[in-house]
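Step one of this worksheet: look at the structure below.
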Amino acid sequence: MFTIPDFKAAKQAGRRIAMLTCYDVSTAAILEEAGIDAVLVGDSVAMVVHGQPSTTTATLDMLEAHVRAVRNGAPNLCVVADMPFLTTRRGLREGVDAAATLIRAGANAVKIEGITGHEELIPALVGGGVPVMGHLGLLPQSVNVLGGYAKQGKLDSEAERILGEAVRLEELGCFAMVLECIPAKLAGRIQAAVSIPTIGIGAGPSCDGQILVSNDLLGLTAGYVPAFAKRYLNAHDLFRQAFGQYIAEVRDSSFPPVGGKTAKGEIEQAMEAETKAR
């Protein structure tokens with residue numbers, strides 16, 4: 001099992017860290033089997049699973065339920081959970097309680113967006129036994145302030161501010177940080193300036209690890225997909241074909257078969273043949 005101390009050890013060894021988002025029991029089990037280092041139960045679940053327009057609609061109850069599902073599917077997986085919108089802004093006691101809820105649900109650590117206003121909460125959590133992952137650059141919870149999902153740190157003044165914040169996050173006790181949608185040059189400067197790992201998403205190849213939204217990787221996302229999100233599978237079409245095959249077989253009475261024994265579906269047979277050909 002990849003653990004929180006393994007993040008820093010990986011950076012020191014020059015080993016890249018692979019992370020993906022995860023929201024459900026089945027995907028968690030597959031990711032653990034595949035050997036992922038860690039997963040993020042992100043507040044992106046509000047958009048990806050619940051169809052909401054932004055991450056600001058994610059609630060603590062929502063994140064708690066999805067953390068429990070992921071932990072049930074992967075007992076040995078390293079799980080980081082997002083602190084939802086404004087749970088870090090209701091006072092120190094409320095922030096600690098929110099983090100405790102996610103840890104009790106099965107998370108190994110929590111992630112907090114930004115640093116302003118969190119200088120007291122981060123060390124309080126770390127001191128209380130809750131590992132904290134930072135998050136700089138594009139902050140989706142601040143989309144209304146930013147006016148959209150634009151790349152951050154393009155101006156020299158912005159770049160210097162983000163670099164300073166990265167150094168400060170390490171000082172406050174974060175074990176790692178996500179760098180989202182910043183120039184690759186800035187990400188490289190931050191990677192060299194801190195001793196904790198940087199996990200990039202749309203931040204270029206210099207980071208110590210990478211994270212993507214699993215649904216983007218699988219080709220399940222409907223609508224806009226960021227340019228940096230490589231699609232490794234067209235699962236949308238595979239699902240549609242499988243569903244279509246089932247519908248057709250129900251309608252022509254070939255499913256369920258007489259005697260109750262079912263053959264492998266055409267898609268499954270084709271995928272097996274492709275795997276053997278490799």
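Chain labels follow the order of the structure tokens: the first chain is A, the next B, and so on; residue numbering restarts at 1 in every chain, and ligands are counted from 1 in their shown order.
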
Ala34 (chain A) environment, 12 Å, only C-alpha atoms, sequence neighbours closer than 5 positions dropped, as an NGL selection string:
:A and (18-20 or 27-29 or 74 or 77)

Per residue of region 26-89 of chain A within 12 Å of region 183-201 of chain A, record the nearest atom pair and its distance in Å to one decimal, counting only C-alpha atoms, with rows in chain order and ascending residue number, as a Markdown table.
```
| residue | atom | partner | partner_atom | distance |
| --- | --- | --- | --- | --- |
| A:Asp37 | CA | A:Ile199 | CA | 12.0 |
| A:Ala38 | CA | A:Ile199 | CA | 11.2 |
| A:Val39 | CA | A:Ile199 | CA | 11.8 |
| A:Leu40 | CA | A:Ile199 | CA | 11.4 |
```

So which bits of region 107-160 of chain A end up alpha helix (DSSP H) when you DSSP the backbone, as number ranges by chain?
A: 121-127, 143-146, 156-160

Test item: residues at most 10 Å from Leu238 (chain A), only C-alpha atoms, excluding those fewer than 3 positions along its chain, as a PyMOL selection string:
chain A and resi 219-220+233-235+241-244+267-268

Fewer than 6 positions away in the same chain doesn't count, so skip those; otherwise give me all residues within 10 Å of Val49 (chain A), counting only C-alpha atoms, as number ranges by chain.
A: 23-24, 215, 221

Limited to N, CA and C atoms, could you put the picked residues into a file as a PDB file, in the first residue's frame?
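selection_27.pdb written:
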```pdb
ATOM      1  N   TYR A  23     -14.681   7.845  -7.415  1.00  0.00           N
ATOM      2  CA  TYR A  23     -15.892   8.201  -6.682  1.00  0.00           C
ATOM      3  C   TYR A  23     -16.762   7.006  -6.280  1.00  0.00           C
ATOM      4  N   ASP A  24     -16.436   5.796  -6.754  1.00  0.00           N
ATOM      5  CA  ASP A  24     -17.340   4.676  -6.516  1.00  0.00           C
ATOM      6  C   ASP A  24     -16.585   3.393  -6.226  1.00  0.00           C
ATOM      7  N   ASN A 215     -12.994   9.883 -15.380  1.00  0.00           N
ATOM      8  CA  ASN A 215     -13.983   9.865 -16.454  1.00  0.00           C
ATOM      9  C   ASN A 215     -13.455  10.485 -17.733  1.00  0.00           C
ATOM     10  N   THR A 221     -16.713  11.337 -20.204  1.00  0.00           N
ATOM     11  CA  THR A 221     -17.182  12.688 -19.952  1.00  0.00           C
ATOM     12  C   THR A 221     -17.964  13.225 -21.139  1.00  0.00           C
TER      13      THR A 221
END
```

Counting only C-alpha atoms, figure out which residue out of A:Ala46, A:Ala229, A:Met83, A:Ala98 gets nearest to Leu217 (chain A).
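Among the listed residues, A:Ala229 lies closest to Leu217 (chain A).
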